[in-house]
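A.B. asks: Take a look at this one; I'll ask things after.
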Amino acid sequence: GENVEQHPSTLSVQEGDSAVIKCTYSDSASNYFPWYKQELGKRPQLIIDIRSNVGEKKDQRIAVTLNKTAKHFSLHITETQPEDSAVYFCAASKVSGGYNKLIFGAGTRLAVHP
Amino acid sequence: KAGVTQTPRYLIKTRGQQVTLSCSPISGHRSVSWYQQTPGQGLQFLFEYFSETQRNKGNFPGRFSGRQFSNSRSEMNVSTLELGDSALYLCASSYDYGGTEAFFGQGTRLTVV
């Protein structure tokens with residue numbers, strides 16, 4: 001069935017460093033890839049998303065890249081800050097027909113140390 | 001604009017009972033999806049409703065059901081509760097189906113004892 005693998009499961013960086021989280025999806029028809037940030041005790045929040053007709057998207061310190069051939073996409077956070085500490089989830093979906101649902105990766109716990 | 005609202009926030013139920021959770025989407029959003037979040041299994045898709053129709057269902061037993069009303073509000077029901085149903089249940093709303101630009105509610109924490 002549909003599957004999204006996410007690595008690493010935990011990531012520890014120093015403040016100011018960059019952090020990269022990678023995801024691989026199984027269904028080549030997937031065309032929508034959002035990233036969510038979930039702080040402890042809070043709801044997942046959409047931080048950035050990308051569609052299959054785009055290879056890269058940036059929003060200030062965060063960026064997402066997509067490689068359709070390899071079926072993987074990555075989240076890049078530059079100049080990390082302590083408030084970036086959270087669990088990050090990637091997801092994949094095939095919009096319009098087929099399975100119209102978000103399949104989530106298992107999550108990456110990011111810790112940014114001052 | 002109000003966000004996604006889930007009620008109740010916390011529930012404690014006994015094995016064998018049933019429970020109904022409610023989700024009010026963002027005004028104008030027509031799609032509501034439900035997810036179960038547990039430490040061991042992450043975020044698991046339950047089902048999605050769009051314009052009062054269930055468009056897709058995840059791999060959960062028939063004890064899990066849902067519905068959507070004409071105002072897009074959705075309810076999720078779990079019958080014959082089991083200890084393993086203890087989890088955070090999240091709903092997400094989006095304007096269109098497929099989970100695009102989906103915004104989550106704060107969740108309902110269900111504990112089955």
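Lettering and numbering for the structure tokens are positional, with chains as A, B, ... in the shown order, residues counted from 1 in each chain, and ligands counted from 1 in the shown order.
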Sorted by chain and rising residue number, list the residues of chain B at most 10 Å from chain A (counting only C-alpha atoms), each with its closest atom pair and distance in Å to one decimal, as a Markdown table.
C.D. replies:
```
| residue | atom | partner | partner_atom | distance |
| --- | --- | --- | --- | --- |
| B:Ser33 | CA | A:Lys101 | CA | 7.9 |
| B:Trp34 | CA | A:Lys101 | CA | 9.8 |
| B:Tyr35 | CA | A:Leu102 | CA | 9.5 |
| B:Pro39 | CA | A:Ala106 | CA | 9.5 |
| B:Gly40 | CA | A:Ala106 | CA | 8.9 |
| B:Gln41 | CA | A:Ala106 | CA | 7.3 |
| B:Gly42 | CA | A:Ala106 | CA | 5.4 |
| B:Leu43 | CA | A:Phe104 | CA | 6.2 |
| B:Gln44 | CA | A:Phe104 | CA | 7.3 |
| B:Phe45 | CA | A:Ile103 | CA | 7.0 |
| B:Leu46 | CA | A:Lys101 | CA | 9.1 |
| B:Phe47 | CA | A:Lys101 | CA | 7.9 |
| B:Glu48 | CA | A:Lys101 | CA | 7.1 |
| B:Arg55 | CA | A:Asn100 | CA | 7.3 |
| B:Asn56 | CA | A:Asn100 | CA | 6.5 |
| B:Lys57 | CA | A:Lys101 | CA | 8.5 |
| B:Gly58 | CA | A:Lys101 | CA | 8.6 |
| B:Leu90 | CA | A:Arg43 | CA | 8.1 |
| B:Cys91 | CA | A:Arg43 | CA | 9.9 |
| B:Ala92 | CA | A:Pro44 | CA | 9.5 |
| B:Asp96 | CA | A:Val95 | CA | 9.2 |
| B:Tyr97 | CA | A:Asn100 | CA | 6.6 |
| B:Gly98 | CA | A:Asn100 | CA | 4.1 |
| B:Gly99 | CA | A:Leu102 | CA | 5.8 |
| B:Thr100 | CA | A:Tyr32 | CA | 7.1 |
| B:Glu101 | CA | A:Leu46 | CA | 7.3 |
| B:Ala102 | CA | A:Leu46 | CA | 7.3 |
| B:Phe103 | CA | A:Leu46 | CA | 6.8 |
| B:Phe104 | CA | A:Pro44 | CA | 6.2 |
| B:Gly105 | CA | A:Arg43 | CA | 6.4 |
| B:Gln106 | CA | A:Arg43 | CA | 4.9 |
| B:Gly107 | CA | A:Arg43 | CA | 7.0 |
```
A.B. asks: Write the residues of the selection above to a file with C-alpha atoms, as a PDB file, in the first residue's frame.
C.D. replies:
```
ATOM      1  CA  SER B  33     -10.366  14.307   7.407  1.00  0.00           C
ATOM      2  CA  TRP B  34      -9.833  12.377  10.612  1.00  0.00           C
ATOM      3  CA  TYR B  35      -6.556  10.994  11.928  1.00  0.00           C
ATOM      4  CA  PRO B  39       3.219   7.515  19.978  1.00  0.00           C
ATOM      5  CA  GLY B  40       3.873   4.187  18.321  1.00  0.00           C
ATOM      6  CA  GLN B  41       1.933   4.559  15.070  1.00  0.00           C
ATOM      7  CA  GLY B  42       2.205   8.258  14.302  1.00  0.00           C
ATOM      8  CA  LEU B  43      -0.596   9.892  12.323  1.00  0.00           C
ATOM      9  CA  GLN B  44      -2.914   7.318  10.789  1.00  0.00           C
ATOM     10  CA  PHE B  45      -5.635   8.267   8.314  1.00  0.00           C
ATOM     11  CA  LEU B  46      -9.150   7.263   9.344  1.00  0.00           C
ATOM     12  CA  PHE B  47     -11.442   8.761   6.695  1.00  0.00           C
ATOM     13  CA  GLU B  48     -12.202  11.834   4.661  1.00  0.00           C
ATOM     14  CA  ARG B  55     -14.435   9.807  -0.186  1.00  0.00           C
ATOM     15  CA  ASN B  56     -11.861   7.513   1.328  1.00  0.00           C
ATOM     16  CA  LYS B  57     -11.287   5.302   4.317  1.00  0.00           C
ATOM     17  CA  GLY B  58      -8.164   4.099   6.058  1.00  0.00           C
ATOM     18  CA  LEU B  90      -7.288  14.938  15.086  1.00  0.00           C
ATOM     19  CA  CYS B  91      -9.454  16.326  12.388  1.00  0.00           C
ATOM     20  CA  ALA B  92      -8.224  18.506   9.552  1.00  0.00           C
ATOM     21  CA  ASP B  96     -10.744  20.906  -1.451  1.00  0.00           C
ATOM     22  CA  TYR B  97     -10.381  17.150  -1.040  1.00  0.00           C
ATOM     23  CA  GLY B  98      -7.122  15.297  -0.960  1.00  0.00           C
ATOM     24  CA  GLY B  99      -5.720  16.980   2.113  1.00  0.00           C
ATOM     25  CA  THR B 100      -4.345  19.994   0.275  1.00  0.00           C
ATOM     26  CA  GLU B 101      -3.589  22.872   2.639  1.00  0.00           C
ATOM     27  CA  ALA B 102      -5.205  21.005   5.494  1.00  0.00           C
ATOM     28  CA  PHE B 103      -5.454  22.713   8.870  1.00  0.00           C
ATOM     29  CA  PHE B 104      -5.729  20.655  12.022  1.00  0.00           C
ATOM     30  CA  GLY B 105      -7.874  21.066  15.082  1.00  0.00           C
ATOM     31  CA  GLN B 106      -6.375  20.787  18.542  1.00  0.00           C
ATOM     32  CA  GLY B 107      -7.582  17.216  18.845  1.00  0.00           C
TER      33      GLY B 107
END
```
A.B. asks: Could you list, as a ChimeraX atom specification, every residue within 9 Å of stretch 62-68 of chain A, counting only C-alpha atoms and ignoring same-chain residues fewer than 2 positions away?
C.D. replies: /A:28,33,35,47-52,54-60,70-78
A.B. asks: Leaving out B:Tyr49 and any residue of its chain fewer than 4 positions from it, which residues lie within 8 Å of it when counting only C-alpha atoms, given as a ChimeraX atom specification?
C.D. replies: /B:31-33,53-56,67-68,74
A.B. asks: Calculate how many Å separate atom CA of B:Pro61 from atom CA of B:Met76, rounding to one decimal.
C.D. replies: 13.2 Å
A.B. asks: If I take atom CA of A:Ser26 and atom CA of B:Gly66, how far is one from the other in Å, to one decimal?
C.D. replies: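 A separation of 27.9 Å between them.
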A.B. asks: Work out how far atom CA of B:Glu75 is from atom CA of B:Arg15, in Å to one decimal.
C.D. replies: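 Going from atom CA of B:Arg15 over to atom CA of B:Glu75, I get 20.3 Å.
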A.B. asks: Run DSSP on the backbone and grab whatever in stretch 4-109 of chain A lands in strand (DSSP E); send it over as a ChimeraX atom specification.
C.D. replies: /A:4-7,10-14,19-25,32-38,45-51,56-59,62-67,72-77,86-92,103-104,108-109
A.B. asks: Contacts of B:Ser24 at 9 Å or less, counting only C-alpha atoms, minus same-chain residues fewer than 2 places along, as number ranges by chain?
C.D. replies: B: 3-7, 22, 26-27, 32, 71-75, 91, 93, 105
A.B. asks: Using only C-alpha atoms, determine which residues lie at most 12 Å from B:Thr111, disregarding the query and same-chain residues fewer than 5 positions distant; provide the list as a list in words.
C.D. replies: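 So the residues in contact are Arg9, Tyr10, Leu11, Ile12, Lys13, Thr14, Arg15, Gln17, Val19, Thr38, Leu81, Glu82, Leu83, Gly84, Asp85, Ser86, Ala87, Leu88 and Tyr89 of chain B.
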A.B. asks: Set the distance at 8 Å and use only C-alpha atoms: which residues neighbour A:Arg109 once local chain neighbours fewer than 3 positions away are removed? I'd like the list as a JSON list (two decimals) with all heavy atoms, in the first residue's frame.
C.D. replies:
```json
[["chain", "number", "residue", "atom", "x", "y", "z"],
["A", 9, "SER", "N", 14.79, 9.84, 12.57],
["A", 9, "SER", "CA", 13.70, 9.90, 13.54],
["A", 9, "SER", "C", 13.99, 10.97, 14.59],
["A", 9, "SER", "O", 13.05, 11.54, 15.15],
["A", 9, "SER", "CB", 13.50, 8.54, 14.20],
["A", 9, "SER", "OG", 14.70, 8.10, 14.81],
["A", 10, "THR", "N", 15.25, 11.21, 14.88],
["A", 10, "THR", "CA", 15.64, 12.29, 15.78],
["A", 10, "THR", "C", 16.81, 13.03, 15.17],
["A", 10, "THR", "O", 17.64, 12.45, 14.46],
["A", 10, "THR", "CB", 16.02, 11.78, 17.18],
["A", 10, "THR", "OG1", 17.13, 10.87, 17.04],
["A", 10, "THR", "CG2", 14.87, 11.06, 17.85],
["A", 11, "LEU", "N", 16.86, 14.32, 15.45],
["A", 11, "LEU", "CA", 17.91, 15.18, 14.89],
["A", 11, "LEU", "C", 18.24, 16.25, 15.92],
["A", 11, "LEU", "O", 17.34, 16.94, 16.40],
["A", 11, "LEU", "CB", 17.42, 15.81, 13.58],
["A", 11, "LEU", "CG", 18.38, 16.71, 12.81],
["A", 11, "LEU", "CD1", 19.66, 15.97, 12.45],
["A", 11, "LEU", "CD2", 17.70, 17.23, 11.55],
["A", 85, "SER", "N", 12.52, 23.76, 17.57],
["A", 85, "SER", "CA", 12.45, 22.45, 18.21],
["A", 85, "SER", "C", 11.00, 21.96, 18.22],
["A", 85, "SER", "O", 10.10, 22.65, 18.72],
["A", 85, "SER", "CB", 12.97, 22.51, 19.65],
["A", 85, "SER", "OG", 14.34, 22.87, 19.65],
["A", 86, "ALA", "N", 10.77, 20.80, 17.63],
["A", 86, "ALA", "CA", 9.42, 20.24, 17.49],
["A", 86, "ALA", "C", 9.54, 18.90, 16.76],
["A", 86, "ALA", "O", 10.65, 18.48, 16.40],
["A", 86, "ALA", "CB", 8.53, 21.18, 16.67],
["A", 87, "VAL", "N", 8.40, 18.26, 16.56],
["A", 87, "VAL", "CA", 8.35, 17.08, 15.70],
["A", 87, "VAL", "C", 7.85, 17.52, 14.33],
["A", 87, "VAL", "O", 6.84, 18.23, 14.23],
["A", 87, "VAL", "CB", 7.43, 15.99, 16.28],
["A", 87, "VAL", "CG1", 7.39, 14.79, 15.33],
["A", 87, "VAL", "CG2", 7.92, 15.56, 17.65],
["A", 88, "TYR", "N", 8.56, 17.12, 13.31],
["A", 88, "TYR", "CA", 8.20, 17.48, 11.94],
["A", 88, "TYR", "C", 7.71, 16.24, 11.21],
["A", 88, "TYR", "O", 8.32, 15.18, 11.26],
["A", 88, "TYR", "CB", 9.40, 18.08, 11.21],
["A", 88, "TYR", "CG", 9.78, 19.44, 11.74],
["A", 88, "TYR", "CD1", 10.55, 19.57, 12.90],
["A", 88, "TYR", "CD2", 9.35, 20.60, 11.11],
["A", 88, "TYR", "CE1", 10.88, 20.81, 13.41],
["A", 88, "TYR", "CE2", 9.69, 21.85, 11.61],
["A", 88, "TYR", "CZ", 10.45, 21.94, 12.76],
["A", 88, "TYR", "OH", 10.77, 23.19, 13.26]]
```
A.B. asks: Which is closest to B:Ser70 among B:Gly16, B:Gln36, B:Ala2, B:Gly28, if we use only C-alpha atoms?
C.D. replies: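 Among the listed residues, the smallest separation from B:Ser70 belongs to B:Gly28.
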